[in-house]
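Peer 1: Contents of target_38.tsv (TSV, C-alpha atoms):
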```
chain	number	residue	atom	x	y	z
A	1	MET	CA	-53.03	-26.54	-8.38
A	2	SER	CA	-52.36	-27.78	-4.87
A	3	ASP	CA	-54.94	-27.11	-2.17
A	4	LEU	CA	-52.14	-26.68	0.37
A	5	LEU	CA	-51.47	-23.26	1.89
A	6	LEU	CA	-48.35	-22.31	3.81
A	7	ALA	CA	-48.69	-20.02	6.83
A	8	ALA	CA	-45.90	-18.72	9.04
A	9	ASP	CA	-45.51	-16.52	12.10
A	10	VAL	CA	-42.05	-14.98	11.80
A	11	GLY	CA	-40.81	-13.58	15.10
A	12	ALA	CA	-37.51	-12.15	16.19
A	13	THR	CA	-36.33	-15.41	17.76
A	14	LYS	CA	-38.31	-18.19	16.07
A	15	THR	CA	-40.56	-18.95	13.12
A	16	ASN	CA	-43.67	-21.08	13.47
A	17	LEU	CA	-44.84	-22.67	10.23
A	18	ALA	CA	-47.83	-24.77	9.20
A	19	LEU	CA	-49.31	-26.29	6.08
A	20	TYR	CA	-53.09	-26.15	5.80
A	21	ALA	CA	-55.34	-28.15	3.51
A	22	VAL	CA	-58.39	-26.25	2.25
A	23	ALA	CA	-61.68	-28.05	1.60
A	24	ASP	CA	-65.04	-26.26	1.30
A	25	GLY	CA	-63.58	-23.25	3.06
A	26	VAL	CA	-62.39	-25.28	6.07
A	27	LEU	CA	-58.72	-25.15	7.03
A	28	THR	CA	-57.04	-28.25	8.43
A	29	ALA	CA	-53.43	-28.25	9.63
A	30	VAL	CA	-51.49	-31.12	8.07
A	31	ASP	CA	-47.96	-30.29	9.22
A	32	GLU	CA	-46.31	-27.86	11.64
A	33	ALA	CA	-42.80	-26.89	12.74
A	34	HIS	CA	-41.16	-24.41	15.07
A	35	LEU	CA	-37.68	-23.31	13.97
A	36	VAL	CA	-35.22	-21.07	15.82
A	37	ASN	CA	-34.10	-18.26	13.49
A	38	GLU	CA	-30.50	-18.19	14.71
A	39	GLY	CA	-28.28	-19.90	12.20
A	40	TYR	CA	-30.51	-19.22	9.20
A	41	GLY	CA	-29.53	-16.62	6.62
A	42	GLY	CA	-33.08	-15.53	5.95
A	43	LEU	CA	-36.70	-16.60	5.73
A	44	GLU	CA	-36.07	-18.48	2.46
A	45	ASP	CA	-33.75	-20.87	4.29
A	46	VAL	CA	-36.25	-21.43	7.08
A	47	VAL	CA	-39.03	-22.27	4.62
A	48	ARG	CA	-36.78	-24.56	2.58
A	49	THR	CA	-35.93	-26.50	5.73
A	50	PHE	CA	-39.62	-26.88	6.56
A	51	LEU	CA	-40.57	-28.02	3.06
A	52	ARG	CA	-37.54	-30.23	2.53
A	53	ASP	CA	-38.35	-33.73	1.27
A	54	ARG	CA	-42.05	-32.94	0.75
A	55	THR	CA	-43.66	-34.13	-2.46
A	56	ASP	CA	-46.85	-32.12	-1.89
A	57	VAL	CA	-45.95	-28.42	-1.95
A	58	PRO	CA	-48.12	-25.38	-1.24
A	59	SER	CA	-49.49	-23.16	-3.97
A	60	ALA	CA	-49.41	-19.98	-1.89
A	61	ALA	CA	-48.05	-18.63	1.37
A	62	CYS	CA	-48.84	-15.93	3.92
A	63	PHE	CA	-46.17	-14.79	6.35
A	64	GLY	CA	-46.93	-12.79	9.49
A	65	ILE	CA	-43.82	-10.65	10.03
A	66	ALA	CA	-42.71	-9.03	13.30
A	67	GLY	CA	-42.11	-5.67	11.63
A	68	PRO	CA	-43.71	-3.08	9.35
A	69	VAL	CA	-44.83	-4.25	5.91
A	70	ALA	CA	-45.00	-1.88	2.93
A	71	GLU	CA	-45.47	-2.78	-0.73
A	72	GLY	CA	-44.76	-6.43	-0.08
A	73	ARG	CA	-41.48	-5.86	1.77
A	74	SER	CA	-40.42	-5.79	5.40
A	75	ARG	CA	-37.19	-5.13	7.27
A	76	MET	CA	-37.52	-6.83	10.67
A	77	PRO	CA	-36.32	-4.36	13.34
A	78	ASN	CA	-35.40	-7.00	15.94
A	79	LEU	CA	-33.75	-9.45	13.52
A	80	GLY	CA	-32.49	-7.51	10.52
A	81	TRP	CA	-33.90	-9.79	7.84
A	82	LEU	CA	-35.14	-8.10	4.69
A	83	ILE	CA	-38.18	-10.02	3.45
A	84	ASP	CA	-39.58	-9.48	-0.04
A	85	ALA	CA	-42.80	-11.17	-1.15
A	86	ALA	CA	-41.94	-11.20	-4.85
A	87	GLY	CA	-38.48	-12.58	-4.17
A	88	LEU	CA	-39.88	-15.30	-1.94
A	89	ALA	CA	-42.39	-16.29	-4.60
A	90	ARG	CA	-39.62	-16.66	-7.18
A	91	THR	CA	-37.16	-18.44	-4.90
A	92	LEU	CA	-39.69	-20.84	-3.41
A	93	ARG	CA	-41.64	-21.26	-6.67
A	94	LEU	CA	-44.95	-20.27	-5.13
A	95	ALA	CA	-47.80	-18.81	-7.18
A	96	ARG	CA	-48.58	-16.22	-4.52
A	97	VAL	CA	-46.88	-14.83	-1.41
A	98	VAL	CA	-48.48	-12.34	0.97
A	99	LEU	CA	-46.76	-10.51	3.82
A	100	LEU	CA	-48.74	-9.28	6.81
A	101	ASN	CA	-47.58	-7.60	9.96
A	102	ASP	CA	-47.58	-10.31	12.65
A	103	LEU	CA	-50.27	-8.52	14.64
A	104	GLU	CA	-52.40	-8.34	11.50
A	105	ALA	CA	-52.12	-12.11	11.24
A	106	ASN	CA	-52.98	-12.48	14.93
A	107	ALA	CA	-55.98	-10.20	14.53
A	108	HIS	CA	-57.27	-12.21	11.57
A	109	GLY	CA	-56.97	-15.29	13.77
A	110	ILE	CA	-59.16	-13.95	16.57
A	111	ALA	CA	-62.33	-15.02	14.75
A	112	THR	CA	-61.04	-18.62	14.73
A	113	LEU	CA	-60.70	-18.83	18.52
A	114	SER	CA	-63.08	-20.80	20.73
A	115	PRO	CA	-64.11	-19.53	24.19
A	116	GLU	CA	-61.72	-22.09	25.73
A	117	GLN	CA	-58.82	-20.38	23.98
A	118	LEU	CA	-59.53	-17.07	25.71
A	119	MET	CA	-59.34	-16.03	29.35
A	120	VAL	CA	-61.72	-13.25	30.34
A	121	LEU	CA	-59.82	-10.70	32.38
A	122	ASN	CA	-62.62	-8.12	32.42
A	123	PRO	CA	-66.11	-9.09	31.18
A	124	GLY	CA	-67.07	-5.47	30.58
A	125	ALA	CA	-70.05	-4.68	28.40
A	126	ALA	CA	-69.09	-5.62	24.85
A	127	VAL	CA	-70.58	-3.83	21.88
A	128	ALA	CA	-70.50	-6.68	19.38
A	129	ARG	CA	-70.37	-4.32	16.41
A	130	GLY	CA	-67.80	-1.93	17.81
A	131	ASN	CA	-64.10	-1.57	17.13
A	132	ALA	CA	-61.74	-3.97	18.86
A	133	ALA	CA	-57.97	-3.97	19.28
A	134	LEU	CA	-55.10	-6.34	19.96
A	135	ILE	CA	-51.95	-5.79	22.00
A	136	ALA	CA	-49.24	-8.43	22.29
A	137	ALA	CA	-45.98	-8.40	24.23
A	138	GLY	CA	-43.29	-10.92	23.39
A	139	THR	CA	-39.79	-10.22	22.11
A	140	GLY	CA	-41.33	-6.90	21.01
A	141	LEU	CA	-44.66	-5.13	21.52
A	142	GLY	CA	-47.25	-5.31	18.76
A	143	GLU	CA	-50.58	-3.56	18.35
A	144	ALA	CA	-53.40	-3.77	15.81
A	145	THR	CA	-56.93	-2.46	15.35
A	146	LEU	CA	-60.06	-4.30	14.23
A	147	TYR	CA	-62.16	-1.51	12.71
A	148	TRP	CA	-65.92	-2.10	12.46
A	149	ASP	CA	-67.36	-0.68	9.23
A	150	GLY	CA	-70.99	-1.39	10.08
A	151	THR	CA	-70.92	-4.86	8.56
A	152	ARG	CA	-67.65	-6.53	9.53
A	153	HIS	CA	-64.25	-5.97	11.09
A	154	HIS	CA	-61.25	-4.84	9.04
A	155	VAL	CA	-57.77	-5.41	10.46
A	156	CYS	CA	-55.46	-2.38	10.50
A	157	ALA	CA	-51.76	-2.83	11.16
A	158	SER	CA	-49.86	-0.58	13.53
A	159	GLU	CA	-46.39	0.06	14.91
A	160	GLY	CA	-47.81	1.60	18.08
A	161	GLY	CA	-45.39	-0.34	20.26
A	162	HIS	CA	-42.66	2.01	19.06
A	163	ALA	CA	-44.53	5.14	20.20
A	164	ASP	CA	-43.05	7.16	23.07
A	165	PHE	CA	-43.27	5.54	26.50
A	166	GLY	CA	-45.36	7.66	28.85
A	167	PRO	CA	-44.41	7.42	32.55
A	168	ARG	CA	-47.28	7.83	35.02
A	169	ASN	CA	-45.55	8.43	38.35
A	170	ALA	CA	-42.24	9.45	39.91
A	171	GLU	CA	-40.86	5.92	39.83
A	172	GLU	CA	-41.57	5.55	36.10
A	173	ILE	CA	-40.14	9.01	35.43
A	174	GLY	CA	-36.91	7.77	37.02
A	175	ILE	CA	-37.03	4.62	34.88
A	176	LEU	CA	-37.58	6.73	31.76
A	177	GLY	CA	-34.58	8.92	32.58
A	178	ARG	CA	-32.25	5.96	33.03
A	179	LEU	CA	-33.50	4.29	29.86
A	180	MET	CA	-33.08	7.55	27.93
A	181	ASP	CA	-29.45	7.62	29.04
A	182	ARG	CA	-29.08	4.11	27.69
A	183	PHE	CA	-31.21	4.14	24.52
A	184	GLY	CA	-31.99	7.74	23.65
A	185	HIS	CA	-35.55	7.23	22.45
A	186	VAL	CA	-37.64	5.08	24.81
A	187	SER	CA	-40.66	3.40	23.29
A	188	TRP	CA	-43.35	1.33	24.98
A	189	GLU	CA	-41.56	-1.72	23.57
A	190	ARG	CA	-38.47	-0.86	25.62
A	191	VAL	CA	-40.63	-1.38	28.72
A	192	VAL	CA	-43.46	-3.75	27.77
A	193	SER	CA	-41.72	-6.74	26.17
A	194	GLY	CA	-39.51	-9.63	27.20
A	195	PRO	CA	-36.35	-7.49	27.08
A	196	GLY	CA	-38.42	-4.67	28.61
A	197	LEU	CA	-38.76	-6.49	31.92
A	198	HIS	CA	-34.97	-6.68	32.14
A	199	ASN	CA	-34.77	-2.98	31.23
A	200	ILE	CA	-37.16	-2.12	34.06
A	201	TYR	CA	-35.17	-4.23	36.52
A	202	ASP	CA	-31.92	-2.50	35.53
A	203	ALA	CA	-33.50	0.95	35.82
A	204	LEU	CA	-35.11	0.52	39.25
A	205	ASP	CA	-33.75	2.36	42.26
A	206	VAL	CA	-34.05	-0.74	44.46
A	207	PRO	CA	-31.04	-2.49	46.04
A	208	GLU	CA	-30.19	-6.06	45.09
A	209	VAL	CA	-28.28	-8.87	46.80
A	210	PRO	CA	-24.94	-9.29	44.96
A	211	GLU	CA	-25.45	-13.02	44.48
A	212	VAL	CA	-28.86	-12.47	42.90
A	213	ALA	CA	-27.52	-9.69	40.67
A	214	ALA	CA	-24.74	-12.02	39.49
A	215	ARG	CA	-27.26	-14.79	38.75
A	216	ILE	CA	-29.37	-12.47	36.61
A	217	ALA	CA	-26.32	-11.03	34.85
A	218	SER	CA	-25.12	-14.50	33.85
A	219	ALA	CA	-28.52	-15.95	32.93
A	220	PRO	CA	-29.13	-16.94	29.27
A	221	ASP	CA	-32.57	-15.31	29.57
A	222	ALA	CA	-32.38	-12.57	32.18
A	223	SER	CA	-36.09	-11.70	31.96
A	224	ALA	CA	-37.11	-15.32	32.59
A	225	THR	CA	-34.84	-15.40	35.65
A	226	ILE	CA	-36.28	-12.10	36.90
A	227	THR	CA	-39.79	-13.49	36.50
A	228	GLU	CA	-38.86	-16.66	38.41
A	229	LEU	CA	-37.29	-14.67	41.25
A	230	ALA	CA	-40.28	-12.34	41.40
A	231	GLN	CA	-42.76	-15.20	41.62
A	232	THR	CA	-40.79	-17.22	44.17
A	233	GLY	CA	-39.91	-14.32	46.45
A	234	GLY	CA	-36.21	-14.55	45.66
A	235	SER	CA	-35.74	-10.85	44.95
A	236	ALA	CA	-37.63	-7.74	46.05
A	237	ARG	CA	-36.19	-5.84	43.09
A	238	ALA	CA	-37.38	-8.51	40.65
A	239	ALA	CA	-40.83	-8.49	42.27
A	240	ARG	CA	-41.05	-4.72	41.88
A	241	ALA	CA	-39.88	-4.95	38.26
A	242	LEU	CA	-42.65	-7.42	37.47
A	243	ASP	CA	-45.25	-5.21	39.17
A	244	VAL	CA	-44.15	-2.21	37.10
A	245	PHE	CA	-44.14	-4.34	33.95
A	246	VAL	CA	-47.69	-5.68	34.43
A	247	SER	CA	-49.03	-2.25	35.35
A	248	ALA	CA	-47.36	-0.64	32.33
A	249	TYR	CA	-48.74	-3.39	30.09
A	250	GLY	CA	-52.23	-2.61	31.37
A	251	ALA	CA	-51.66	1.13	30.95
A	252	GLU	CA	-50.68	0.82	27.29
A	253	ALA	CA	-53.60	-1.56	26.66
A	254	GLY	CA	-55.86	1.14	28.09
A	255	ASN	CA	-54.21	3.75	25.87
A	256	LEU	CA	-54.91	1.53	22.87
A	257	ALA	CA	-58.56	1.14	23.91
A	258	LEU	CA	-58.92	4.93	24.09
A	259	LYS	CA	-57.21	5.58	20.76
A	260	THR	CA	-59.30	3.02	18.90
A	261	LEU	CA	-62.60	3.38	20.83
A	262	ALA	CA	-62.43	-0.37	21.34
A	263	THR	CA	-65.94	-0.92	22.67
A	264	GLY	CA	-65.79	-4.39	21.08
A	265	GLY	CA	-62.97	-5.32	23.43
A	266	ILE	CA	-59.22	-5.50	23.90
A	267	TYR	CA	-57.42	-8.77	23.19
A	268	VAL	CA	-54.07	-9.46	24.86
A	269	GLY	CA	-51.89	-11.76	22.76
A	270	GLY	CA	-48.23	-12.66	22.59
A	271	GLY	CA	-46.19	-15.20	24.50
A	272	ILE	CA	-45.80	-13.36	27.81
A	273	ALA	CA	-49.39	-13.00	29.08
A	274	PRO	CA	-50.19	-16.75	29.20
A	275	LYS	CA	-47.07	-17.25	31.35
A	276	LEU	CA	-48.15	-14.55	33.82
A	277	LEU	CA	-51.86	-15.31	34.15
A	278	SER	CA	-51.99	-15.25	37.94
A	279	ARG	CA	-50.02	-12.00	38.16
A	280	ILE	CA	-52.02	-10.33	35.38
A	281	ALA	CA	-55.29	-11.48	36.99
A	282	ASP	CA	-54.44	-10.08	40.45
A	283	GLY	CA	-55.77	-6.63	39.52
A	284	THR	CA	-52.49	-4.90	38.67
A	285	PHE	CA	-53.09	-5.01	34.92
A	286	MET	CA	-56.68	-3.74	35.11
A	287	ARG	CA	-55.76	-0.94	37.52
A	288	GLY	CA	-53.21	0.25	34.98
A	289	PHE	CA	-55.79	-0.21	32.21
A	290	THR	CA	-58.52	1.88	33.84
A	291	ASP	CA	-56.43	4.57	35.56
A	292	LYS	CA	-57.28	7.26	33.00
A	293	GLY	CA	-58.92	9.99	35.05
A	294	ARG	CA	-62.28	11.00	33.63
A	295	PHE	CA	-62.37	7.93	31.36
A	296	SER	CA	-61.70	5.36	34.09
A	297	GLU	CA	-65.35	4.30	34.34
A	298	TRP	CA	-65.65	4.09	30.54
A	299	LEU	CA	-62.59	1.84	30.35
A	300	GLY	CA	-64.03	-0.38	33.05
A	301	ARG	CA	-66.78	-1.30	30.60
A	302	ILE	CA	-64.30	-2.49	27.95
A	303	PRO	CA	-64.03	-6.30	27.77
A	304	VAL	CA	-60.45	-7.55	28.10
A	305	ARG	CA	-59.55	-11.09	27.04
A	306	ILE	CA	-56.20	-12.90	27.04
A	307	ILE	CA	-55.46	-15.13	24.05
A	308	LEU	CA	-54.21	-18.47	25.37
A	309	ASP	CA	-53.59	-20.15	22.02
A	310	GLN	CA	-50.13	-19.58	20.57
A	311	LYS	CA	-51.14	-20.61	17.04
A	312	THR	CA	-53.53	-17.70	16.49
A	313	ALA	CA	-51.20	-15.92	14.06
A	314	LEU	CA	-50.70	-19.09	12.02
A	315	ARG	CA	-54.43	-19.68	11.65
A	316	GLY	CA	-54.97	-16.00	10.96
A	317	ALA	CA	-52.41	-15.98	8.15
A	318	ALA	CA	-53.98	-19.09	6.63
A	319	ALA	CA	-57.50	-17.70	7.03
A	320	TYR	CA	-56.50	-14.47	5.30
A	321	LEU	CA	-54.90	-16.38	2.44
A	322	ALA	CA	-57.93	-18.65	2.00
A	323	ALA	CA	-60.37	-15.73	2.08
A	324	THR	CA	-58.46	-13.77	-0.56
A	325	ARG	CA	-57.63	-16.58	-3.02
```
What would the structure in this file look like if it were written as structure tokens?

Peer 2:
Amino acid sequence: MSDLLLAADVGATKTNLALYAVADGVLTAVDEAHLVNEGYGGLEDVVRTFLRDRTDVPSAACFGIAGPVAEGRSRMPNLGWLIDAAGLARTLRLARVVLLNDLEANAHGIATLSPEQLMVLNPGAAVARGNAALIAAGTGLGEATLYWDGTRHHVCASEGGHADFGPRNAEEIGILGRLMDRFGHVSWERVVSGPGLHNIYDALDVPEVPEVAARIASAPDASATITELAQTGGSARAARALDVFVSAYGAEAGNLALKTLATGGIYVGGGIAPKLLSRIADGTFMRGFTDKGRFSEWLGRIPVRIILDQKTALRGAAAYLAATR
């Protein structure tokens, strides 16, 4: 049987894949690819493209999926793909296929990170044997818990990003009302995600220069354009949208810390945080994180670290597969 393991991080817009060789419990990446999902009929086609023309094929695979996983199946809410572990195993002729929620895979990968792959946002006072939690904004908003059982951490999946958005002030109440008119139910993901920044911008009661509004409306990635304008001073409305976004991100991270008693720390993953390090580090995120009334001081003692490495989910999927062979 081959010693190669296939790991993949399947997001709403792209799939990152890697093959790992296993020797004496050590994982070594031997091949990687990053494929855009548009144009593929499903995950089977993506994997076939990655493995095409290879003579050495993996024996097993673990896929981190941006969506809920139950009984080996997942319907991705932001893509629509139906992924079935048993079907993938048959189609791809793999001895074993495991599906994890993408945040589960990320959480399993935390133990593989070096200090250089983390940025300390709040040193806090870590309790090494306490619960920890992970929050990650990208195309969507993911959350996961690392429960400490007295001996080791266990990763627990979550769909907490789809819980009801909770506004904290009059401005956010106005944003909620406008987003309710548009979407009906408004989750944290509608606000704290890549598309969420655009949603905030649209829902703000702040005037905009017509030329700037037209530029954003015609941009291939409106949120990226809003971020650029906010950081370069090109739009007061964009700057305010980014402030609200970062503060809301911190607020939901603080909510997660409270709900999980994350004395072992909060990890901030996903693709957005590494692109906004200076803005997240200016205090806006941590003010949102700690602004919890009687628990503000307690939250100030929670370590907060930003994951800089974008391959954490890949390594986590491979590590899970290797540990459960």

Peer 1: So which one's closest to Ala18 of chain A, A:Pro274, A:Gly288, A:Pro58, A:Gly264? Using only C-alpha atoms, please.

Peer 2: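 Ranking A:Pro274, A:Gly288, A:Pro58, A:Gly264 by distance to Ala18 of chain A, first place goes to A:Pro58.
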
Peer 1: Determine, using all atoms listed in the file, which residues of segment 36-150 of chain A have any atom at most 6 Å from an atom of segment 158-174 of chain A, and tabulate each with its shortest atom pair and distance in Å to one decimal place, rows ordered by chain and then rising number, as CSV.

Peer 2:
```
residue,atom,partner,partner_atom,distance
A:Leu141,CA,A:Gly161,CA,5.0
A:Gly142,CA,A:Gly161,CA,5.5
A:Glu143,CA,A:Ser158,CA,5.7
A:Ala144,CA,A:Ser158,CA,5.3
```

Peer 1: Please produce a file of those selected residues containing C-alpha atoms, as a PDB file, in the frame of the given file.

Peer 2:
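As a result, again38.pdb now contains:
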```pdb
ATOM      1  CA  LEU A 141     -44.660  -5.130  21.520  1.00  0.00           C
ATOM      2  CA  GLY A 142     -47.250  -5.310  18.760  1.00  0.00           C
ATOM      3  CA  GLU A 143     -50.580  -3.560  18.350  1.00  0.00           C
ATOM      4  CA  ALA A 144     -53.400  -3.770  15.810  1.00  0.00           C
TER       5      ALA A 144
END
```

Peer 1: Calculated over all atoms listed in the file, which of the candidates A:Leu17, A:Ala70, A:Leu134, A:Val47 has the smallest distance to Ala257 of chain A?

Peer 2: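 Smallest separation from Ala257 of chain A among the options: A:Leu134.
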
Peer 1: In Å, with one decimal, what is the gap from atom CA of Glu211 of chain A to atom CA of Gln231 of chain A?

Peer 2: 17.7 Å

Peer 1: Atom CA of Trp188 of chain A and atom CA of Arg73 of chain A are how many Å apart?

Peer 2: 24.4 Å

Peer 1: Just how far from atom CA of Lys311 of chain A is atom CA of Leu118 of chain A, in Å to one decimal?

Peer 2: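 We find that atom CA of Leu118 of chain A and atom CA of Lys311 of chain A lie 12.6 Å from each other.
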
Peer 1: Looking at A:Gln310, A:Thr324, A:Thr55, A:Ser247, which one is nearest to Leu197 of chain A, with distances taken over all atoms listed in the file?

Peer 2: A:Ser247

Peer 1: Determine, counting all atoms listed in the file, which protein, DNA and RNA residues have an atom within 6 Å of an atom of Lys14 of chain A; residues of the same chain fewer than 4 positions away are not included. Present the result as an MDAnalysis selection string.

Peer 2: chainID A and resid 35:37

Peer 1: When you look at Gly234 of chain A with a cut-off of 12 Å (counting all atoms listed in the file), what residues show up, excluding the ones that are within fewer than 5 positions of it in the same chain? I need them as a short mmCIF file (atom, residue, chain, number, x, y, z; two decimals) with C-alpha atoms, keeping the file's coordinate frame.

Peer 2:
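Full text of result.cif as output:
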```cif
data_model
loop_
_atom_site.label_atom_id
_atom_site.label_comp_id
_atom_site.auth_asym_id
_atom_site.auth_seq_id
_atom_site.Cartn_x
_atom_site.Cartn_y
_atom_site.Cartn_z
CA GLU A 208 -30.19 -6.06 45.09
CA VAL A 209 -28.28 -8.87 46.80
CA GLU A 211 -25.45 -13.02 44.48
CA VAL A 212 -28.86 -12.47 42.90
CA ALA A 213 -27.52 -9.69 40.67
CA ARG A 215 -27.26 -14.79 38.75
CA ILE A 216 -29.37 -12.47 36.61
CA THR A 225 -34.84 -15.40 35.65
CA ILE A 226 -36.28 -12.10 36.90
CA THR A 227 -39.79 -13.49 36.50
CA GLU A 228 -38.86 -16.66 38.41
CA LEU A 229 -37.29 -14.67 41.25
CA ALA A 239 -40.83 -8.49 42.27
CA ARG A 240 -41.05 -4.72 41.88
#
```

Peer 1: When you count all atoms listed in the file, which of these residues is closest to Arg279 of chain A: A:Ala12, A:Ala29, A:Cys62, A:Leu121?

Peer 2: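 The answer is A:Leu121, which sits nearest to Arg279 of chain A.
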
Peer 1: May I have the centre and edge lengths, in Å to one decimal, of an axis-aligned box around the listed atoms of segment 227-232 of chain A with 5 Å added to every side, as JSON?

Peer 2:
```
{"center_x": -40.0, "center_y": -14.8, "center_z": 40.3, "size_x": 15.5, "size_y": 14.9, "size_z": 17.7}
```

Peer 1: Excluding same-chain residues fewer than 4 positions from Val191 of chain A, what lies within 12 Å of it counting all atoms listed in the file, as a PyMOL selection string?

Peer 2: chain A and resi 137-141+161-167+172+175-176+178-180+183+185-187+195-203+223+241-242+244-252

Peer 1: Name the closest residue to Ala33 of chain A among the candidates A:Val155, A:Val98, A:Ala7, A:Ala60; distances are taken between atoms, counting all atoms listed in the file.

Peer 2: A:Ala7

Peer 1: Please provide as a PyMOL selection string all residues within 10 Å of segment 89-97 of chain A, with the sequence filter that same-chain residues fewer than 5 positions apart are discarded (counting only C-alpha atoms).

Peer 2: chain A and resi 1+5-7+44-45+47-48+51+57-63+72+84+321+325

Peer 1: Go ahead and dump the residues you just picked, C-alpha atoms, as a PDB file, keeping the file's coordinate frame.

Peer 2:
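The resulting file, selection08.pdb, is reproduced below:
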```pdb
ATOM      1  CA  MET A   1     -53.030 -26.540  -8.380  1.00  0.00           C
ATOM      2  CA  LEU A   5     -51.470 -23.260   1.890  1.00  0.00           C
ATOM      3  CA  LEU A   6     -48.350 -22.310   3.810  1.00  0.00           C
ATOM      4  CA  ALA A   7     -48.690 -20.020   6.830  1.00  0.00           C
ATOM      5  CA  GLU A  44     -36.070 -18.480   2.460  1.00  0.00           C
ATOM      6  CA  ASP A  45     -33.750 -20.870   4.290  1.00  0.00           C
ATOM      7  CA  VAL A  47     -39.030 -22.270   4.620  1.00  0.00           C
ATOM      8  CA  ARG A  48     -36.780 -24.560   2.580  1.00  0.00           C
ATOM      9  CA  LEU A  51     -40.570 -28.020   3.060  1.00  0.00           C
ATOM     10  CA  VAL A  57     -45.950 -28.420  -1.950  1.00  0.00           C
ATOM     11  CA  PRO A  58     -48.120 -25.380  -1.240  1.00  0.00           C
ATOM     12  CA  SER A  59     -49.490 -23.160  -3.970  1.00  0.00           C
ATOM     13  CA  ALA A  60     -49.410 -19.980  -1.890  1.00  0.00           C
ATOM     14  CA  ALA A  61     -48.050 -18.630   1.370  1.00  0.00           C
ATOM     15  CA  CYS A  62     -48.840 -15.930   3.920  1.00  0.00           C
ATOM     16  CA  PHE A  63     -46.170 -14.790   6.350  1.00  0.00           C
ATOM     17  CA  GLY A  72     -44.760  -6.430  -0.080  1.00  0.00           C
ATOM     18  CA  ASP A  84     -39.580  -9.480  -0.040  1.00  0.00           C
ATOM     19  CA  LEU A 321     -54.900 -16.380   2.440  1.00  0.00           C
ATOM     20  CA  ARG A 325     -57.630 -16.580  -3.020  1.00  0.00           C
TER      21      ARG A 325
END
```

Peer 1: From the set A:Leu103, A:Leu146, A:Ile307, A:Ala313, which residue has the shortest atom-to-atom contact distance to Thr263 of chain A, counting all atoms listed in the file?

Peer 2: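 Smallest separation from Thr263 of chain A among the options: A:Leu146.
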
Peer 1: Using all atoms listed in the file, find all polymer residues with an atom at most 6 Å away from the point (-42.2, -14.1, 32.4); report them as an mmCIF file with C-alpha atoms, in the frame of the given file.

Peer 2:
```cif
data_model
loop_
_atom_site.group_PDB
_atom_site.id
_atom_site.type_symbol
_atom_site.label_atom_id
_atom_site.label_comp_id
_atom_site.auth_asym_id
_atom_site.auth_seq_id
_atom_site.Cartn_x
_atom_site.Cartn_y
_atom_site.Cartn_z
ATOM 1 C CA ALA A 224 -37.110 -15.320 32.590
ATOM 2 C CA THR A 227 -39.790 -13.490 36.500
ATOM 3 C CA ILE A 272 -45.800 -13.360 27.810
ATOM 4 C CA LYS A 275 -47.070 -17.250 31.350
#
```

Peer 1: Around the point (-71.2, -6.5, 26.8) (coordinates from the file), which residues reach within 10 Å if we count all atoms listed in the file? Answer as a PyMOL selection string.

Peer 2: chain A and resi 123-128+263-265+301-303
